[in-house]
Every structure is written in structure tokens, then in C-alpha cells.
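Engineer: This is target_25.cif, which holds mmCIF, C-alpha atoms and all ligand atoms:
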data_structure
loop_
_atom_site.label_atom_id
_atom_site.label_comp_id
_atom_site.auth_asym_id
_atom_site.auth_seq_id
_atom_site.Cartn_x
_atom_site.Cartn_y
_atom_site.Cartn_z
CA MET A 18 136.65 88.54 234.60
CA ARG A 19 135.22 91.43 236.57
CA LEU A 20 137.15 93.96 238.59
CA GLU A 21 135.66 95.57 241.65
CA ARG A 22 137.27 97.89 244.12
CA ASP A 23 135.95 99.98 246.95
CA ARG A 24 138.13 103.05 246.79
CA ASN A 25 136.20 105.26 249.17
CA ALA A 26 135.60 102.41 251.63
CA ASP A 27 131.85 102.85 251.78
CA GLY A 28 131.34 99.11 251.37
CA LYS A 29 130.12 99.39 247.80
CA PRO A 30 132.32 98.68 244.81
CA ASP A 31 132.88 101.95 243.01
CA VAL A 32 135.53 101.05 240.50
CA TRP A 33 134.96 98.15 238.26
CA GLY A 34 135.82 96.81 234.91
CA VAL A 35 135.93 93.73 232.78
CA TYR A 36 138.62 91.74 231.08
CA THR A 37 137.36 90.02 227.97
CA TYR A 38 138.91 87.93 225.25
CA PRO A 39 137.06 88.61 222.01
CA ALA A 40 135.81 85.33 220.60
CA GLN A 41 137.17 86.11 217.17
CA ASP A 42 140.75 86.57 218.37
CA GLN A 43 141.83 84.96 221.64
CA SER A 44 145.26 86.60 221.45
CA GLN A 45 143.55 89.92 222.18
CA LEU A 46 142.50 91.18 225.55
CA VAL A 47 140.13 94.07 226.07
CA VAL A 48 140.23 95.83 229.43
CA THR A 49 137.28 98.09 230.13
CA VAL A 50 137.01 100.15 233.29
CA ASP A 51 134.72 102.68 234.91
CA LYS A 52 137.51 104.53 236.67
CA ASN A 53 135.47 107.09 238.55
CA GLY A 54 132.68 104.70 239.42
CA ASP A 55 129.84 106.77 238.02
CA GLY A 56 128.37 103.81 236.17
CA ARG A 57 129.69 104.80 232.78
CA LEU A 58 132.71 103.23 231.12
CA ASP A 59 135.57 105.69 230.68
CA TYR A 60 138.70 103.65 229.97
CA TRP A 61 139.50 100.96 227.43
CA ARG A 62 142.70 99.12 226.60
CA LEU A 63 143.32 96.64 223.86
CA GLU A 64 146.22 94.23 224.36
CA ARG A 65 147.67 91.65 222.03
CA ASN A 66 150.02 88.93 223.25
CA HIS A 67 150.31 90.82 226.57
CA PHE A 68 151.45 94.06 224.94
CA PRO A 69 149.24 97.14 224.92
CA VAL A 70 148.06 98.11 221.45
CA ARG A 71 145.58 100.93 222.02
CA GLU A 72 144.13 102.91 224.88
CA TRP A 73 141.08 105.12 224.99
CA GLY A 74 139.79 107.45 227.66
CA ASP A 75 136.70 109.54 228.29
CA LEU A 76 138.28 112.18 230.49
CA ASN A 77 135.21 114.35 231.07
CA ASP A 78 132.78 111.46 231.43
CA ASP A 79 130.37 112.65 228.78
CA GLY A 80 130.27 109.20 227.20
CA ARG A 81 132.50 110.18 224.30
CA VAL A 82 136.13 109.18 223.86
CA ASP A 83 138.51 112.15 224.04
CA TYR A 84 141.89 110.50 224.59
CA TRP A 85 143.59 108.01 222.32
CA VAL A 86 146.93 106.23 222.68
CA ALA A 87 148.64 103.98 220.15
CA TYR A 88 151.56 101.85 221.26
CA ALA A 89 154.59 100.84 219.23
CA PRO A 90 154.21 97.28 217.91
CA ASP A 91 155.11 94.54 220.43
CA SER A 92 156.22 97.13 222.94
CA ARG A 93 155.06 98.94 226.05
CA ALA A 94 156.29 102.22 224.57
CA LYS A 95 153.68 104.80 223.59
CA GLN A 96 153.96 105.89 219.99
CA TRP A 97 151.10 108.35 219.56
CA ALA A 98 148.61 110.14 221.75
CA ALA A 99 145.74 112.36 220.67
CA MET A 100 143.40 114.44 222.80
CA ASP A 101 140.10 116.16 222.23
CA LYS A 102 140.35 118.98 224.73
CA ASN A 103 137.10 120.72 223.90
CA HIS A 104 135.24 117.41 223.74
CA ASP A 105 133.65 117.98 220.36
CA GLY A 106 134.61 114.52 219.11
CA ARG A 107 137.61 115.70 217.05
CA PRO A 108 141.19 115.56 218.31
CA ASP A 109 142.89 118.94 218.76
CA ALA A 110 146.24 117.85 220.15
CA TRP A 111 148.63 115.22 218.83
CA PHE A 112 151.83 113.91 220.33
CA HIS A 113 154.38 111.55 218.88
CA TYR A 114 156.67 109.81 221.33
CA GLY A 115 160.37 109.16 221.05
CA ALA A 116 161.79 105.67 221.01
CA ASP A 117 161.53 105.15 224.77
CA GLY A 118 157.82 105.95 224.76
CA THR A 119 157.94 108.27 227.74
CA ARG A 120 158.52 111.73 226.27
CA PRO A 121 156.93 113.30 223.19
CA ASP A 122 159.48 114.28 220.54
CA ALA A 123 156.93 116.10 218.42
CA GLY A 124 153.48 117.50 218.90
CA GLU A 125 150.90 120.04 217.89
CA ARG A 126 148.00 121.73 219.65
CA ASP A 127 145.03 123.54 218.21
CA ASP A 128 144.38 125.78 221.17
CA ASP A 129 141.42 127.66 219.72
CA PHE A 130 139.86 124.60 218.06
CA ASP A 131 139.64 126.10 214.58
CA GLY A 132 141.35 123.13 212.96
CA THR A 133 144.76 124.80 212.60
CA PRO A 134 147.42 124.09 215.20
CA GLU A 135 148.90 127.12 217.02
CA THR A 136 151.57 125.31 218.98
CA THR A 137 153.97 122.84 217.43
CA PHE A 138 157.29 121.34 218.34
CA GLY A 139 159.44 118.80 216.57
CA THR A 140 158.24 117.24 213.33
CA LEU A 141 155.22 114.98 213.44
CA PRO A 142 155.39 111.98 211.10
CA ALA A 143 152.94 112.42 208.24
CA GLU A 144 151.36 109.06 208.93
CA ARG A 145 149.02 109.26 211.90
CA PRO A 146 147.12 106.38 213.46
CA THR A 147 143.43 106.10 212.74
CA LEU A 148 141.41 106.96 215.81
CA ASP A 149 139.15 103.95 215.99
CA ASP A 150 136.48 103.61 218.59
CA PRO A 151 137.19 101.25 221.46
CA PRO A 152 136.09 97.65 221.05
CA VAL A 153 132.49 97.04 222.02
CA VAL A 154 132.42 94.89 225.12
CA GLU A 155 129.52 92.61 225.91
CA LEU A 156 129.16 92.92 229.65
CA GLY A 157 126.79 90.03 230.05
CA PRO A 158 124.13 89.56 232.72
CA GLY A 159 124.53 90.95 236.20
CA PRO A 160 123.81 94.09 238.15
CA LYS A 161 126.33 96.12 236.17
CA SER A 162 124.98 95.19 232.76
CA ALA A 163 123.22 98.54 232.47
CA LEU A 164 126.59 100.18 231.92
CA GLN A 165 126.88 101.67 228.50
CA GLY A 166 129.84 102.38 226.30
CA PRO A 167 130.34 105.74 224.64
CA GLY A 168 127.33 107.03 222.78
CA PRO A 169 127.23 108.16 219.17
CA CA B 201 132.91 106.62 234.52
CA CA B 202 134.52 112.70 226.72
CA CA B 203 138.20 118.89 219.66
CA CA B 204 143.82 126.90 215.88
#
What would you get if you wrote out this structure as C-alpha cells?

Structural biologist:
Amino acid sequence: MRLERDRNADGKPDVWGVYTYPAQDQSQLVVTVDKNGDGRLDYWRLERNHFPVREWGDLNDDGRVDYWVAYAPDSRAKQWAAMDKNHDGRPDAWFHYGADGTRPDAGERDDDFDGTPETTFGTLPAERPTLDDPPVVELGPGPKSALQGPGP
């Protein structure tokens, strides 16, 4: 299913996305959106049995993921978030969320991007989620099929 919206009311759809059910696992749903309408995908969400599992964002629209979210199992509560603030492909901020999923109870930030965090609060669990790439979505034929996912 395709999503199209005309946010700036110029008559042309400028926000669009696709919902797809991967053939190999119909209990999963992949939502892929070009939020700012520049023709490049910048948001992905993987859902399983109607619960979010993972989220990815490309906040600076350079084609590379720089925002990752992992949800608690069978829950709408966020469990982890990671950000790549200098957009070099490696996360430099991590947050772990408390049980309600709305407020981080621990986190660390590497403000100068040297690999060592300067700012920490709380105690991050040792076990961090793997930062997988978003699922590759086959967009199929149509005028939007030139859209590309994040590059290497
Ligand atoms: Ca975009
Ligand atoms: Ca990016
Ligand atoms: Ca980084
Ligand atoms: Ca540092």
C-alpha cells in the first residue's frame, strides 16, 4: 500500500511511503516513508503482530541511517535509542528507556566523537541492541520506483 500526502498543498504528493509485508514473514510489516518529500527514503519502521519492533531515521537526509530505536518486546514502549549526531555512520549517543518507554533512565553521549562518552547518566545495561540496517523494501513499478534506500 502506498501513502501519499500533499502537505504544502501544491497539488503534488510530497510525502509518501509504502507498507509492505515481507513475503518470508507475513506477521511483519515494514513501513517506509520519505518524510520530507525530497525523493529519498528517510524513515523505516518494522512491526510484528502490530507492535513496533525497530525504527530507523535518516535525520540529515544524506541517505545514511543516523537514528535507531528498539522497542521492548510486544510493547509500544521504547527500550533503546541510538543517534549518530555527526553522521559518520557510527552512533555517538545511546539512551535506555525506563519501563514506561517515554523517558530515558540511562544514557551516554560522545560529544566530541572520539569514541569515549563525555556525558553519562544512570547505568546503561551492558547488552545493547545490534544496529541493523532497515529492511530493504522493493518499491515495485511506478513513478516513485526511482527512490533509493540508504547507500553504503
Ligand atoms: Ca527524504
Ligand atoms: Ca543521515
Ligand atoms: Ca557518529
Ligand atoms: Ca568523547

Engineer: Please report the interatomic distance between CA of Phe112 (chain A) and CA of Gly139 (chain A) in Å with one decimal.

Structural biologist: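 Taking CA of Phe112 (chain A) as the start and CA of Gly139 (chain A) as the end point, the length is 9.8 Å.
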
Engineer: Show me which residues line ligand CA 201 (chain B), defined as having an atom within 7 Å of a ligand atom where only C-alpha atoms and all ligand atoms count, and present them as a PDB file with C-alpha atoms, in the frame of the given file.

Structural biologist:
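Generated output (selection-v2.pdb):
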ATOM      1  CA  ASP A  51     134.720 102.680 234.910  1.00  0.00           C
ATOM      2  CA  LYS A  52     137.510 104.530 236.670  1.00  0.00           C
ATOM      3  CA  ASN A  53     135.470 107.090 238.550  1.00  0.00           C
ATOM      4  CA  GLY A  54     132.680 104.700 239.420  1.00  0.00           C
ATOM      5  CA  ASP A  55     129.840 106.770 238.020  1.00  0.00           C
ATOM      6  CA  GLY A  56     128.370 103.810 236.170  1.00  0.00           C
ATOM      7  CA  ARG A  57     129.690 104.800 232.780  1.00  0.00           C
ATOM      8  CA  LEU A  58     132.710 103.230 231.120  1.00  0.00           C
ATOM      9  CA  ASP A  59     135.570 105.690 230.680  1.00  0.00           C
ATOM     10  CA  ASP A  78     132.780 111.460 231.430  1.00  0.00           C
TER      11      ASP A  78
END

Engineer: Counting only C-alpha atoms and all ligand atoms, which residues of chain A sit at most 12 Å from some atom of ligand CA 202 (chain B), and what is each one's closest atom pair with its distance in Å to one decimal, listed by chain and rising residue number, as a Markdown table?

Structural biologist:
| residue | atom | partner | partner_atom | distance |
| --- | --- | --- | --- | --- |
| A:Arg57 | CA | B:CA202 | CA | 11.1 |
| A:Leu58 | CA | B:CA202 | CA | 10.6 |
| A:Asp59 | CA | B:CA202 | CA | 8.1 |
| A:Tyr60 | CA | B:CA202 | CA | 10.5 |
| A:Trp73 | CA | B:CA202 | CA | 10.2 |
| A:Gly74 | CA | B:CA202 | CA | 7.5 |
| A:Asp75 | CA | B:CA202 | CA | 4.1 |
| A:Leu76 | CA | B:CA202 | CA | 5.3 |
| A:Asn77 | CA | B:CA202 | CA | 4.7 |
| A:Asp78 | CA | B:CA202 | CA | 5.2 |
| A:Asp79 | CA | B:CA202 | CA | 4.6 |
| A:Gly80 | CA | B:CA202 | CA | 5.5 |
| A:Arg81 | CA | B:CA202 | CA | 4.0 |
| A:Val82 | CA | B:CA202 | CA | 4.8 |
| A:Asp83 | CA | B:CA202 | CA | 4.8 |
| A:Tyr84 | CA | B:CA202 | CA | 8.0 |
| A:Trp85 | CA | B:CA202 | CA | 11.1 |
| A:Met100 | CA | B:CA202 | CA | 9.9 |
| A:Asp101 | CA | B:CA202 | CA | 8.0 |
| A:Lys102 | CA | B:CA202 | CA | 8.8 |
| A:Asn103 | CA | B:CA202 | CA | 8.9 |
| A:His104 | CA | B:CA202 | CA | 5.6 |
| A:Asp105 | CA | B:CA202 | CA | 8.3 |
| A:Gly106 | CA | B:CA202 | CA | 7.8 |
| A:Arg107 | CA | B:CA202 | CA | 10.6 |
| A:Pro108 | CA | B:CA202 | CA | 11.1 |
| A:Gly166 | CA | B:CA202 | CA | 11.3 |
| A:Pro167 | CA | B:CA202 | CA | 8.4 |
| A:Gly168 | CA | B:CA202 | CA | 10.0 |
| A:Pro169 | CA | B:CA202 | CA | 11.4 |

Engineer: Check the smallest atom-to-atom distance from each of A:Ala116, A:Ala110, A:Val35, A:Val153 to Gln96 (chain A) using only C-alpha atoms, then report the winner.

Structural biologist: A:Ala116

Engineer: If we count only C-alpha atoms, what is near Lys95 (chain A) at a cut-off of 10 Å, once residues fewer than 6 positions away on the same chain are taken out, given as a short mmCIF file (atom, residue, chain, number, x, y, z; two decimals) with C-alpha atoms, in the frame of the given file?

Structural biologist:
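Listing of around_19.cif after writing:
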data_model
loop_
_atom_site.label_atom_id
_atom_site.label_comp_id
_atom_site.auth_asym_id
_atom_site.auth_seq_id
_atom_site.Cartn_x
_atom_site.Cartn_y
_atom_site.Cartn_z
CA PRO A 69 149.24 97.14 224.92
CA VAL A 70 148.06 98.11 221.45
CA ARG A 71 145.58 100.93 222.02
CA GLU A 72 144.13 102.91 224.88
CA VAL A 86 146.93 106.23 222.68
CA ALA A 87 148.64 103.98 220.15
CA TYR A 88 151.56 101.85 221.26
CA ALA A 89 154.59 100.84 219.23
CA PHE A 112 151.83 113.91 220.33
CA HIS A 113 154.38 111.55 218.88
CA TYR A 114 156.67 109.81 221.33
CA GLY A 115 160.37 109.16 221.05
CA ALA A 116 161.79 105.67 221.01
CA ASP A 117 161.53 105.15 224.77
CA GLY A 118 157.82 105.95 224.76
CA THR A 119 157.94 108.27 227.74
CA ARG A 120 158.52 111.73 226.27
CA PRO A 121 156.93 113.30 223.19
#

Engineer: Point out the residue among A:Pro142, A:Gly28, A:Pro134, A:Pro152 with the least atom-to-atom distance to Val47 (chain A), counting all atoms listed in the file.

Structural biologist: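 Using all atoms listed in the file, the shortest distance to Val47 (chain A) belongs to A:Pro152.
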
Engineer: In Å, how far is it from CA of Arg93 (chain A) to CA of Pro39 (chain A)?

Structural biologist: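 That distance, rounded to one decimal, is 21.1 Å.
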
Engineer: From the options A:Thr133, A:Asn25, A:Thr147, A:Thr140, which residue's atoms come nearest to ligand CA 203 (chain B), counting only C-alpha atoms and all ligand atoms?

Structural biologist: A:Thr133
